[in-house]
$ cat query_23.txt   # compact mmCIF, C-alpha atoms
# COMPACT_ATOMS: atom_id res chain seq x y z
CA MET A 1202 -35.53 4.47 47.68
CA SER A 1203 -35.07 0.79 48.26
CA THR A 1204 -31.96 -1.26 48.77
CA PRO A 1205 -30.49 -2.04 45.36
CA PRO A 1206 -30.29 -5.74 44.60
CA ALA A 1207 -26.86 -7.36 44.62
CA SER A 1208 -25.51 -7.53 41.09
CA HIS A 1209 -24.75 -10.97 39.72
CA ALA A 1210 -21.34 -9.81 38.60
CA THR A 1211 -20.45 -8.72 42.11
CA LEU A 1212 -21.83 -11.81 43.73
CA ALA A 1213 -19.95 -14.01 41.29
CA ASN A 1214 -16.72 -12.60 42.67
CA VAL A 1215 -17.36 -14.04 46.08
CA ALA A 1216 -19.31 -17.15 45.16
CA GLY A 1217 -16.77 -19.85 45.80
CA PRO A 1218 -17.48 -23.58 45.83
CA ILE A 1219 -19.99 -24.48 48.47
CA VAL A 1220 -19.06 -27.75 50.11
CA ALA A 1221 -21.28 -29.39 52.64
CA VAL A 1222 -19.73 -31.04 55.66
CA ASN A 1223 -19.29 -34.65 54.71
CA HIS A 1224 -20.34 -37.19 57.26
CA THR A 1225 -18.63 -40.18 55.68
CA PRO A 1226 -15.26 -41.30 57.01
CA ALA A 1227 -12.28 -39.29 55.85
CA ALA A 1228 -10.91 -41.62 53.21
CA ALA A 1229 -14.30 -42.28 51.65
CA ALA A 1230 -15.07 -38.56 51.61
CA VAL A 1231 -11.84 -37.75 49.81
CA ALA A 1232 -12.25 -40.61 47.34
CA THR A 1233 -15.84 -39.65 46.54
CA ALA A 1234 -14.95 -36.01 46.05
CA ALA A 1235 -11.93 -36.82 43.89
CA ALA A 1236 -13.95 -39.21 41.73
CA ALA A 1237 -16.57 -36.55 41.15
CA GLY A 1238 -13.93 -34.22 39.66
CA GLY A 1239 -14.17 -30.45 39.14
CA ARG A 1240 -13.04 -27.65 41.47
CA GLY A 1241 -16.12 -27.72 43.65
CA ALA A 1242 -15.97 -31.48 44.04
CA SER A 1243 -12.21 -31.88 44.50
CA ALA A 1244 -10.68 -33.16 47.70
CA PRO A 1245 -10.63 -30.54 50.45
CA ILE A 1246 -7.29 -28.84 51.07
CA LEU A 1247 -8.00 -28.89 54.81
CA ALA A 1248 -10.33 -31.14 56.75
CA CYS A 1249 -10.91 -32.71 60.12
CA TYR A 1250 -12.98 -35.70 61.13
CA ASP A 1251 -14.40 -36.71 64.48
CA LEU A 1252 -12.16 -34.29 66.36
CA HIS A 1253 -12.09 -34.49 70.17
CA LYS A 1254 -10.14 -32.16 72.41
CA SER A 1255 -10.49 -31.55 76.14
CA PHE A 1256 -8.75 -29.18 78.49
CA GLY A 1257 -8.55 -31.04 81.78
CA LYS A 1258 -12.05 -32.42 82.28
CA THR A 1259 -13.66 -29.76 80.10
CA PRO A 1260 -14.43 -30.94 76.57
CA ALA A 1261 -13.88 -28.26 73.91
CA LEU A 1262 -14.45 -30.42 70.81
CA ARG A 1263 -16.73 -33.45 70.81
CA GLY A 1264 -16.50 -35.02 67.35
CA ALA A 1265 -16.14 -31.96 65.11
CA ARG A 1266 -16.04 -32.42 61.32
CA PHE A 1267 -15.10 -29.65 58.94
CA GLN A 1268 -13.80 -29.25 55.38
CA VAL A 1269 -12.41 -26.40 53.30
CA GLN A 1270 -11.77 -26.38 49.57
CA SER A 1271 -8.68 -24.74 48.11
CA GLY A 1272 -9.28 -21.01 47.59
CA GLU A 1273 -12.39 -20.93 49.75
CA VAL A 1274 -12.98 -18.26 52.38
CA VAL A 1275 -14.87 -19.87 55.25
CA ALA A 1276 -16.06 -18.39 58.54
CA ILE A 1277 -16.37 -20.50 61.69
CA MET A 1278 -18.98 -18.96 63.97
CA GLY A 1279 -20.25 -19.81 67.41
CA PRO A 1280 -20.75 -18.39 70.88
CA SER A 1281 -17.92 -17.96 73.38
CA GLY A 1282 -16.77 -21.32 74.68
CA SER A 1283 -18.34 -23.23 71.77
CA GLY A 1284 -14.96 -24.65 70.68
CA LYS A 1285 -14.48 -22.56 67.54
CA SER A 1286 -10.98 -21.30 68.46
CA THR A 1287 -9.94 -24.79 69.57
CA LEU A 1288 -11.10 -26.09 66.19
CA LEU A 1289 -9.01 -23.46 64.41
CA HIS A 1290 -5.97 -24.27 66.55
CA CYS A 1291 -6.32 -28.00 65.79
CA LEU A 1292 -6.73 -27.31 62.05
CA ALA A 1293 -3.64 -25.06 62.11
CA GLY A 1294 -1.50 -27.61 63.96
CA ILE A 1295 -1.14 -25.38 67.01
CA LEU A 1296 -2.95 -27.93 69.18
CA THR A 1297 -3.02 -31.68 68.71
CA PRO A 1298 -6.45 -33.28 69.15
CA ASP A 1299 -7.02 -36.02 71.74
CA SER A 1300 -8.51 -38.11 68.95
CA GLY A 1301 -9.73 -37.70 65.38
CA GLU A 1302 -7.97 -36.73 62.16
CA VAL A 1303 -6.71 -33.45 60.72
CA HIS A 1304 -5.79 -33.56 57.03
CA PHE A 1305 -3.94 -30.90 55.11
CA GLY A 1306 -3.04 -31.42 51.46
CA GLY A 1307 -3.13 -35.19 51.81
CA GLN A 1308 -1.08 -35.44 55.02
CA ARG A 1309 -2.19 -36.16 58.57
CA VAL A 1310 -1.37 -33.02 60.57
CA ASP A 1311 -2.35 -34.71 63.84
CA ARG A 1312 0.40 -37.32 63.34
CA LEU A 1313 3.21 -34.84 62.72
CA SER A 1314 5.85 -34.19 65.36
CA GLU A 1315 5.98 -30.82 67.09
CA ALA A 1316 8.93 -29.83 64.90
CA GLN A 1317 7.09 -30.84 61.71
CA ARG A 1318 3.96 -28.95 62.76
CA SER A 1319 6.06 -25.94 63.57
CA GLU A 1320 7.58 -26.08 60.09
CA LEU A 1321 4.13 -26.48 58.52
CA ARG A 1322 2.87 -23.41 60.37
CA ARG A 1323 5.94 -21.39 59.40
CA GLU A 1324 6.16 -22.45 55.74
CA THR A 1325 2.56 -23.06 54.71
CA PHE A 1326 0.18 -21.26 57.03
CA GLY A 1327 -0.33 -17.62 57.87
CA PHE A 1328 -1.99 -16.23 60.99
CA VAL A 1329 -3.84 -13.08 61.99
CA TYR A 1330 -4.95 -12.68 65.60
CA GLN A 1331 -7.44 -10.37 67.30
CA PHE A 1332 -4.89 -7.93 68.67
CA GLY A 1333 -2.32 -8.02 65.89
CA GLN A 1334 0.37 -9.28 68.25
CA LEU A 1335 3.13 -7.36 66.53
CA VAL A 1336 6.62 -7.54 68.02
CA PRO A 1337 6.86 -4.14 69.75
CA GLU A 1338 10.64 -3.85 69.38
CA LEU A 1339 10.47 -4.16 65.59
CA THR A 1340 9.32 -1.60 63.02
CA ALA A 1341 6.17 -2.28 61.00
CA GLU A 1342 8.33 -3.24 58.04
CA GLU A 1343 10.39 -5.68 60.11
CA ASN A 1344 7.22 -7.19 61.54
CA VAL A 1345 5.90 -7.87 58.05
CA ALA A 1346 9.26 -9.36 56.99
CA LEU A 1347 9.43 -11.60 60.06
CA PRO A 1348 7.97 -14.83 58.55
CA LEU A 1349 10.46 -14.58 55.67
CA LEU A 1350 13.38 -13.99 58.05
CA LEU A 1351 12.30 -17.02 60.10
CA ALA A 1352 12.14 -19.04 56.89
CA GLY A 1353 15.80 -18.21 56.26
CA LYS A 1354 15.59 -15.36 53.75
CA SER A 1355 18.22 -12.63 53.92
CA ARG A 1356 17.22 -9.41 55.66
CA ALA A 1357 17.45 -7.45 52.40
CA ALA A 1358 15.28 -9.96 50.50
CA ALA A 1359 12.73 -10.18 53.31
CA LEU A 1360 12.38 -6.40 53.59
CA ALA A 1361 12.14 -6.08 49.81
CA ALA A 1362 9.26 -8.58 49.80
CA ALA A 1363 7.59 -6.81 52.73
CA ARG A 1364 7.59 -3.31 51.23
CA PRO A 1365 4.92 -3.72 48.49
CA TRP A 1366 2.43 -4.79 51.16
CA PHE A 1367 2.42 -1.28 52.61
CA GLY A 1368 0.95 0.07 49.38
CA ARG A 1369 -1.49 -2.80 48.99
CA LEU A 1370 -2.90 -2.41 52.50
CA ALA A 1371 -3.07 1.40 52.64
CA LEU A 1372 -0.08 1.61 55.00
CA ASP A 1373 2.20 3.86 52.93
CA GLY A 1374 4.59 5.88 55.06
CA LEU A 1375 4.21 3.71 58.16
CA GLU A 1376 7.08 1.32 57.37
CA GLY A 1377 9.40 2.67 60.09
CA ARG A 1378 6.83 2.92 62.90
CA ARG A 1379 6.66 0.64 65.91
CA SER A 1380 3.39 -0.89 67.06
CA SER A 1381 2.96 1.74 69.82
CA GLU A 1382 2.89 4.40 67.07
CA LEU A 1383 0.15 2.67 65.03
CA SER A 1384 -3.64 2.81 65.44
CA GLY A 1385 -5.55 -0.42 66.05
CA GLY A 1386 -6.61 -0.61 62.41
CA GLU A 1387 -3.08 0.08 61.16
CA SER A 1388 -1.61 -2.56 63.49
CA GLN A 1389 -4.13 -5.10 62.26
CA ARG A 1390 -3.31 -4.33 58.61
CA VAL A 1391 0.40 -4.76 59.39
CA ALA A 1392 -0.50 -8.09 61.02
CA LEU A 1393 -2.45 -9.01 57.89
CA ALA A 1394 0.55 -8.19 55.71
CA ARG A 1395 2.71 -10.34 57.99
CA GLY A 1396 0.17 -13.17 57.66
CA LEU A 1397 0.25 -13.05 53.86
CA VAL A 1398 3.83 -12.02 53.02
CA ALA A 1399 5.11 -15.58 52.72
CA GLN A 1400 2.15 -16.42 50.43
CA PRO A 1401 0.75 -19.13 52.69
CA GLN A 1402 -1.61 -21.77 51.33
CA VAL A 1403 -3.98 -21.18 54.24
CA LEU A 1404 -4.52 -18.02 56.25
CA PHE A 1405 -6.05 -18.55 59.71
CA ALA A 1406 -7.69 -15.47 61.21
CA ASP A 1407 -8.97 -15.53 64.80
CA GLU A 1408 -11.41 -12.65 65.41
CA PRO A 1409 -9.41 -10.45 63.01
CA THR A 1410 -11.54 -7.35 63.64
CA GLY A 1411 -12.43 -8.04 67.27
CA SER A 1412 -10.65 -4.99 68.63
CA LEU A 1413 -11.56 -2.53 65.86
CA ASP A 1414 -14.33 -0.02 65.26
CA PRO A 1415 -16.73 -0.87 62.37
CA LEU A 1416 -14.97 1.30 59.77
CA ALA A 1417 -11.46 0.00 60.55
CA GLY A 1418 -12.85 -3.54 60.72
CA GLU A 1419 -14.46 -3.16 57.31
CA LEU A 1420 -11.19 -2.02 55.76
CA VAL A 1421 -9.30 -4.98 57.28
CA MET A 1422 -11.88 -7.45 56.01
CA ASP A 1423 -12.04 -5.86 52.54
CA LEU A 1424 -8.26 -6.10 52.25
CA LEU A 1425 -8.02 -9.55 53.81
CA VAL A 1426 -10.50 -11.12 51.40
CA GLU A 1427 -9.27 -9.16 48.38
CA SER A 1428 -5.62 -10.11 49.03
CA ALA A 1429 -6.45 -13.75 49.73
CA ARG A 1430 -8.43 -14.02 46.49
CA ARG A 1431 -5.66 -12.40 44.47
CA LEU A 1432 -3.14 -14.90 45.87
CA GLY A 1433 -5.54 -17.86 45.80
CA THR A 1434 -5.07 -18.29 49.54
CA THR A 1435 -7.58 -20.40 51.44
CA VAL A 1436 -8.91 -18.51 54.45
CA VAL A 1437 -10.42 -19.82 57.68
CA ILE A 1438 -11.83 -17.04 59.87
CA VAL A 1439 -13.06 -17.58 63.40
CA THR A 1440 -15.51 -14.89 64.40
CA HIS A 1441 -18.61 -14.28 66.44
CA GLU A 1442 -19.45 -11.24 64.31
CA PRO A 1443 -21.96 -11.80 61.50
CA ARG A 1444 -20.62 -8.79 59.58
CA VAL A 1445 -17.20 -10.47 59.42
CA ALA A 1446 -18.68 -13.85 58.50
CA ALA A 1447 -20.59 -12.15 55.66
CA TYR A 1448 -17.28 -11.66 53.82
CA ALA A 1449 -16.83 -15.44 53.60
CA ASP A 1450 -18.16 -17.73 50.89
CA ARG A 1451 -19.97 -19.70 53.56
CA GLU A 1452 -20.07 -20.14 57.30
CA SER A 1453 -20.06 -23.09 59.67
CA THR A 1454 -21.46 -22.90 63.17
CA VAL A 1455 -19.81 -24.58 66.16
CA ARG A 1456 -21.94 -25.31 69.19
CA ASP A 1457 -20.94 -27.36 72.24
CA GLY A 1458 -17.87 -28.70 70.47
CA LEU A 1459 -19.67 -29.84 67.32
CA VAL A 1460 -19.95 -28.30 63.85
CA VAL A 1461 -23.74 -28.12 63.63
CA ALA A 1462 -24.38 -26.20 60.44
CA MET H 1408 -50.21 -13.81 58.96
CA SER H 1409 -48.58 -14.86 62.22
CA VAL H 1410 -51.90 -14.40 64.14
CA SER H 1411 -53.48 -17.03 61.96
CA TYR H 1412 -50.64 -19.53 62.48
CA ALA H 1413 -50.43 -18.76 66.18
CA ILE H 1414 -54.13 -19.57 66.60
CA LEU H 1415 -53.74 -22.68 64.50
CA GLY H 1416 -50.78 -23.74 66.65
CA LEU H 1417 -52.74 -23.19 69.84
CA LEU H 1418 -55.42 -25.44 68.40
CA GLU H 1419 -52.80 -28.11 67.76
CA GLN H 1420 -52.21 -28.15 71.51
CA GLU H 1421 -55.89 -28.84 72.16
CA PRO H 1422 -59.30 -28.10 70.66
CA ASN H 1423 -60.62 -24.84 72.06
CA HIS H 1424 -63.20 -22.10 71.74
CA GLY H 1425 -62.70 -18.52 70.68
CA TYR H 1426 -62.63 -16.92 74.09
CA GLU H 1427 -59.97 -19.26 75.46
CA LEU H 1428 -57.95 -18.94 72.25
CA LYS H 1429 -57.88 -15.15 72.65
CA ARG H 1430 -56.83 -15.53 76.28
CA ARG H 1431 -53.96 -17.89 75.40
CA TYR H 1432 -52.92 -15.81 72.40
CA ASP H 1433 -52.68 -12.68 74.54
CA ARG H 1434 -50.70 -14.54 77.19
CA PHE H 1435 -48.06 -15.89 74.81
CA PHE H 1436 -48.00 -13.54 71.83
CA GLY H 1437 -50.07 -10.46 72.54
CA ARG H 1438 -48.77 -8.96 75.74
CA GLU H 1439 -48.27 -5.61 74.04
CA ARG H 1440 -50.85 -5.99 71.30
CA PRO H 1441 -53.77 -8.17 72.41
CA VAL H 1442 -55.78 -9.66 69.57
CA ALA H 1443 -59.38 -8.48 69.17
CA TYR H 1444 -62.23 -10.99 69.62
CA GLY H 1445 -63.43 -10.11 66.16
CA GLN H 1446 -60.09 -11.00 64.65
CA VAL H 1447 -60.04 -14.37 66.45
CA TYR H 1448 -63.45 -15.30 65.06
CA SER H 1449 -62.75 -14.04 61.56
CA THR H 1450 -59.46 -15.96 61.60
CA LEU H 1451 -61.22 -19.13 62.77
CA SER H 1452 -63.83 -18.75 59.99
CA ARG H 1453 -61.08 -18.35 57.41
CA LEU H 1454 -59.19 -21.36 58.77
CA ALA H 1455 -62.39 -23.43 58.68
CA ARG H 1456 -63.06 -22.31 55.10
CA ASP H 1457 -59.54 -23.43 54.14
CA GLY H 1458 -59.98 -26.81 55.81
CA ARG H 1459 -57.35 -26.16 58.46
CA VAL H 1460 -59.73 -26.31 61.40
CA SER H 1461 -63.03 -28.08 61.91
CA GLU H 1462 -65.92 -26.84 63.96
CA GLY H 1463 -66.87 -29.34 66.64
CA GLY H 1464 -69.57 -29.39 69.28
CA SER H 1465 -70.42 -26.59 71.63
CA LEU H 1466 -69.56 -26.16 75.26
CA PRO H 1467 -72.42 -25.80 77.78
CA GLY H 1468 -73.88 -22.32 77.67
CA GLU H 1469 -74.27 -22.29 73.88
CA GLY H 1470 -73.83 -19.13 71.84
CA PRO H 1471 -71.38 -18.74 68.92
CA GLU H 1472 -68.41 -17.92 71.17
CA ARG H 1473 -68.72 -21.33 72.91
CA LYS H 1474 -68.21 -23.29 69.70
CA LEU H 1475 -65.28 -25.73 69.83
CA TYR H 1476 -62.65 -25.67 67.11
CA ALA H 1477 -60.13 -28.43 66.37
CA ILE H 1478 -57.14 -28.51 64.03
CA THR H 1479 -57.32 -30.81 60.99
CA PRO H 1480 -54.37 -32.85 59.63
CA GLU H 1481 -54.07 -30.23 56.91
CA GLY H 1482 -53.86 -27.54 59.58
CA THR H 1483 -51.14 -29.45 61.45
CA ALA H 1484 -49.14 -29.78 58.23
CA ALA H 1485 -49.53 -26.04 57.60
CA VAL H 1486 -48.20 -25.21 61.10
CA GLN H 1487 -45.27 -27.56 60.59
CA ARG H 1488 -44.40 -25.94 57.21
CA TRP H 1489 -44.66 -22.42 58.60
CA LEU H 1490 -42.54 -23.16 61.65
CA MET H 1491 -39.71 -24.63 59.61
CA THR H 1492 -39.67 -21.92 56.93
CA PRO H 1493 -37.22 -19.07 57.52
CA GLU H 1494 -38.77 -15.64 57.06
CA PRO H 1495 -37.31 -13.48 54.29
CA PRO H 1496 -34.72 -11.40 56.13
CA GLU H 1497 -35.98 -7.84 56.40
CA PRO H 1498 -36.13 -5.20 59.12
CA HIS H 1499 -38.68 -5.41 61.93
CA LEU H 1500 -39.14 -9.14 61.84
CA GLN H 1501 -38.89 -9.59 65.59
CA THR H 1502 -42.56 -10.34 66.18
CA VAL H 1503 -42.80 -13.16 63.67
CA LEU H 1504 -39.49 -14.68 64.76
CA ALA H 1505 -40.58 -14.61 68.41
CA VAL H 1506 -43.95 -16.18 67.58
CA LYS H 1507 -42.21 -19.01 65.71
CA VAL H 1508 -39.89 -19.71 68.64
CA ILE H 1509 -42.61 -19.64 71.30
CA LEU H 1510 -45.01 -21.72 69.23
CA SER H 1511 -42.30 -24.29 68.45
CA LEU H 1512 -41.57 -24.64 72.15
CA LEU H 1513 -45.27 -24.87 73.04
CA LEU H 1514 -45.70 -27.67 70.51
CA GLY H 1515 -42.48 -29.50 71.35
CA ARG H 1516 -41.07 -28.79 67.88
CA PRO H 1517 -37.32 -28.25 67.26
CA ALA H 1518 -37.04 -24.50 67.83
CA GLU H 1519 -33.25 -24.74 67.54
CA ASP H 1520 -33.53 -26.14 63.99
CA TYR H 1521 -35.79 -23.26 63.03
CA LEU H 1522 -33.35 -20.72 64.52
CA ASP H 1523 -30.41 -22.37 62.69
CA GLY H 1524 -32.31 -22.09 59.40
CA GLN H 1525 -33.20 -18.48 60.12
CA ARG H 1526 -29.55 -17.73 60.96
CA ARG H 1527 -28.42 -19.21 57.62
CA SER H 1528 -31.04 -17.21 55.76
CA HIS H 1529 -30.01 -13.96 57.47
CA LEU H 1530 -26.31 -14.60 56.86
CA GLU H 1531 -26.95 -15.35 53.20
CA ARG H 1532 -28.72 -11.99 52.81
CA MET H 1533 -25.92 -10.28 54.71
CA ARG H 1534 -23.39 -11.92 52.39
CA GLU H 1535 -25.27 -10.63 49.34
CA LEU H 1536 -25.38 -7.11 50.75
CA THR H 1537 -21.70 -7.18 51.77
CA ALA H 1538 -20.68 -8.25 48.26
CA ALA H 1539 -22.94 -5.72 46.54
CA ARG H 1540 -21.78 -2.90 48.83
CA LYS H 1541 -18.15 -3.38 47.87
CA ASN H 1542 -18.57 -1.79 44.45
CA ALA H 1543 -21.50 0.48 45.28
CA LEU H 1544 -21.47 4.24 45.55
CA LEU H 1545 -21.36 5.35 49.17
CA VAL H 1546 -24.83 6.84 48.89
CA ASP H 1547 -26.18 3.40 47.97
CA ALA H 1548 -23.92 1.68 50.49
CA LEU H 1549 -25.62 3.78 53.20
CA LEU H 1550 -28.86 1.90 52.69
CA MET H 1551 -27.09 -1.42 52.48
CA ASP H 1552 -25.24 -0.66 55.73
CA HIS H 1553 -28.58 0.08 57.37
CA ALA H 1554 -29.93 -3.26 56.21
CA VAL H 1555 -26.76 -5.06 57.34
CA PHE H 1556 -26.95 -3.59 60.86
CA HIS H 1557 -30.60 -4.58 61.14
CA LEU H 1558 -29.74 -8.11 60.07
CA GLU H 1559 -26.95 -8.10 62.63
CA ALA H 1560 -29.39 -7.09 65.38
CA ASP H 1561 -31.68 -9.96 64.38
CA LEU H 1562 -28.72 -12.35 64.36
CA ARG H 1563 -27.69 -11.29 67.84
CA TRP H 1564 -31.26 -11.94 68.95
CA ILE H 1565 -31.21 -15.35 67.23
CA ASP H 1566 -27.96 -16.29 69.00
CA LEU H 1567 -29.19 -15.11 72.38
CA THR H 1568 -32.51 -16.90 71.95
CA THR H 1569 -30.74 -20.10 70.89
CA ALA H 1570 -28.67 -19.93 74.06
CA ARG H 1571 -31.79 -19.38 76.18
CA LEU H 1572 -34.15 -21.91 74.58
CA GLU H 1573 -34.14 -24.24 77.57
CA GLN H 1574 -35.01 -21.44 80.01
CA ILE H 1575 -37.73 -20.07 77.72
CA ALA H 1576 -39.25 -23.54 77.39
CA LYS H 1577 -39.36 -23.90 81.18
CA GLU H 1578 -41.04 -20.51 81.55
CA ILE H 1579 -43.65 -21.34 78.92
CA GLN H 1580 -44.44 -24.71 80.47
CA ALA H 1581 -44.73 -23.27 83.99
$ encode --input "query_23.txt" --output "structure tokens"
Amino acid sequence: MSTPPASHATLANVAGPIVAVNHTPAAAAVATAAAAGGRGASAPILACYDLHKSFGKTPALRGARFQVQSGEVVAIMGPSGSGKSTLLHCLAGILTPDSGEVHFGGQRVDRLSEAQRSELRRETFGFVYQFGQLVPELTAEENVALPLLLAGKSRAAALAAARPWFGRLALDGLEGRRSSELSGGESQRVALARGLVAQPQVLFADEPTGSLDPLAGELVMDLLVESARRLGTTVVIVTHEPRVAAYADRESTVRDGLVVA
Amino acid sequence: MSVSYAILGLLEQEPNHGYELKRRYDRFFGRERPVAYGQVYSTLSRLARDGRVSEGGSLPGEGPERKLYAITPEGTAAVQRWLMTPEPPEPHLQTVLAVKVILSLLLGRPAEDYLDGQRRSHLERMRELTAARKNALLVDALLMDHAVFHLEADLRWIDLTTARLEQIAKEIQA
């Protein structure tokens, strides 16, 4: 018995637009892409150009360039210390680069004030981290509702929006549990629900399966990609695991602070 | 296949005769499986037939094993093509991948570029399998999982080797 070939129908489901890293300056890249028209050739929803970032005297990014199209699922790979997490944090407006440009939906993220970046992260981006980072004092349901509560929704409305996610992510019956009463895989699925509940335009996931066994990791990735595609959410995943990167439409590799492939 | 390219690559370093080629092959590529003299000479004959090596003069002492072989421009181009072509991702590739890395380093070729290409090729196959597995019966997914974990092992090796290229190059040149 040999390995069955991948069906075209199945592959078509994950074959998003493949966009090469553009080496022209930002404005020219956007103009060229926009002029070309079509989904695959449209301006990237998220991009950075010539990004530099150092921590003390240690450079983490040394001229990184990266682009993501709307609706794409992209993996950023690279060894420990390569700068991949720093790149994600700069793209997500968590860190400001020392120099270079970060563009999101036509605006310069790197020029926003701390308050504006904080609002962008709260209103437009979602996050999933390696260890879930749920608030231990809150129930699973309250954790999922948290982004909506922070955005000013009423408690009743936020919890009502949170509840359907428990069915979608195979978490039925766990709504009232606290993080200490959840397994690693369950915690990470609650974190995923929290990342998506406000329907962000971009979901950033930093080693989303890093602490899970292969089976739990597979379920998280299946649900992450499936949910993001249903909502049309763009996803940027940082991972050193090829099996996680294989869920993405394409991968980029960061090495010594540069996006090399 | 890789024996033929390895010998061709060794000839790109310098013209040589069969005995010395076997010695160098065993040192770099055949520690566990030395190549037989017969295979070296049959490979050289085939390479000469295909125009990839030329037979030159003989070293003192005469005899067929003292005949000098040199790589032709066509042979050099063939080595270059082979080194830059990712292997189809499949289990048990380690030997070919290792030969490509060592030969690239011996010849001063960009081993890192080759490894990057191989990584992309492996990830593309892994992506295909991951997508196909999603809607497959578990009994079929079993085989796909097996293939995915093999690819993952190769990828870990590719990453580790990429990180160690400088050290490997120093060891080879010592």
$ interface_residues --input "query_23.txt" --of "chain H" --to "chain A" --cutoff "8 Å" --atoms "only C-alpha atoms" --output "list of chain:residue names"
H:Asp1523, H:Leu1530, H:Glu1531, H:Met1533, H:Arg1534, H:Glu1535, H:Leu1536, H:Thr1537, H:Ala1538, H:Ala1539, H:Arg1540, H:Asn1542, H:Asp1547, H:Leu1550, H:Met1551, H:Ala1554, H:Val1555, H:Glu1559, H:Leu1562, H:Asp1566
$ residues_around --input "query_23.txt" --residues "A:Lys1254" --least-positions-apart "2" --cutoff "9 Å" --atoms "all atoms listed in the file" --output "ChimeraX atom specification"
/A:1252,1256,1259-1264,1287-1288,1291,1296-1301,1458
$ residues_around --input "query_23.txt" --residues "H:Glu1462" --least-positions-apart "5" --cutoff "9 Å" --atoms "only C-alpha atoms" --output "NGL selection string"
:H and (1455 or 1474-1478)
$ residues_around --input "query_23.txt" --residues "H:Leu1504" --least-positions-apart "2" --cutoff "9 Å" --atoms "all atoms listed in the file" --output "PDB file with C-alpha atoms, keeping the file's coordinate frame"
ATOM      1  CA  PRO H1493     -37.220 -19.070  57.520  1.00  0.00           C
ATOM      2  CA  GLU H1494     -38.770 -15.640  57.060  1.00  0.00           C
ATOM      3  CA  LEU H1500     -39.140  -9.140  61.840  1.00  0.00           C
ATOM      4  CA  GLN H1501     -38.890  -9.590  65.590  1.00  0.00           C
ATOM      5  CA  THR H1502     -42.560 -10.340  66.180  1.00  0.00           C
ATOM      6  CA  VAL H1506     -43.950 -16.180  67.580  1.00  0.00           C
ATOM      7  CA  LYS H1507     -42.210 -19.010  65.710  1.00  0.00           C
ATOM      8  CA  VAL H1508     -39.890 -19.710  68.640  1.00  0.00           C
ATOM      9  CA  ILE H1509     -42.610 -19.640  71.300  1.00  0.00           C
ATOM     10  CA  LEU H1522     -33.350 -20.720  64.520  1.00  0.00           C
ATOM     11  CA  GLN H1525     -33.200 -18.480  60.120  1.00  0.00           C
ATOM     12  CA  ILE H1565     -31.210 -15.350  67.230  1.00  0.00           C
TER      13      ILE H1565
END
$ residues_around --input "query_23.txt" --residues "H:Leu1417" --least-positions-apart "6" --cutoff "12 Å" --atoms "only C-alpha atoms" --output "MDAnalysis selection string"
chainID H and resid 1410:1411 1423:1425 1427:1436 1447 1451 1460 1476:1478 1482:1483 1486 1506 1509:1514
$ atom_distance --input "query_23.txt" --atom1 "atom CA of H:Gln1487" --atom2 "atom CA of H:Leu1454"
15.3 Å
$ residues_around --input "query_23.txt" --residues "A:Arg1379" --least-positions-apart "2" --cutoff "6 Å" --atoms "only C-alpha atoms" --output "list in words"
Thr1340, Ala1341, Ser1381 and Glu1382 of chain A
$ atom_distance --input "query_23.txt" --atom1 "atom CA of A:Leu1375" --atom2 "atom CA of A:Gly1433"
26.7 Å
$ residues_near_point --input "query_23.txt" --point "(0.3, -8.5, 67.5)" --cutoff "12 Å" --atoms "only C-alpha atoms" --output "ChimeraX atom specification"
/A:1328-1339,1341,1344-1345,1379-1381,1383,1385-1396,1407,1409,1412
$ atom_distance --input "query_23.txt" --atom1 "atom CA of H:Glu1419" --atom2 "atom CA of H:Thr1479"
8.6 Å
$ closest_residue --input "query_23.txt" --among "A:Lys1258, A:Leu1420, A:His1290, A:Leu1459" --to "A:Arg1369" --atoms "all atoms listed in the file"
A:Leu1420
$ closest_residue --input "query_23.txt" --among "H:Pro1496, H:Ala1560, H:Leu1572, H:Tyr1444" --to "H:Pro1517" --atoms "all atoms listed in the file"
H:Leu1572
$ axis_aligned_box --input "query_23.txt" --around "stretch 1445-1452 of chain A" --padding-each-side "4 Å" --output "lines of an AutoDock Vina configuration file"
center_x = -18.7
center_y = -15.3
center_z = 55.2
size_x = 11.8
size_y = 17.7
size_z = 16.5
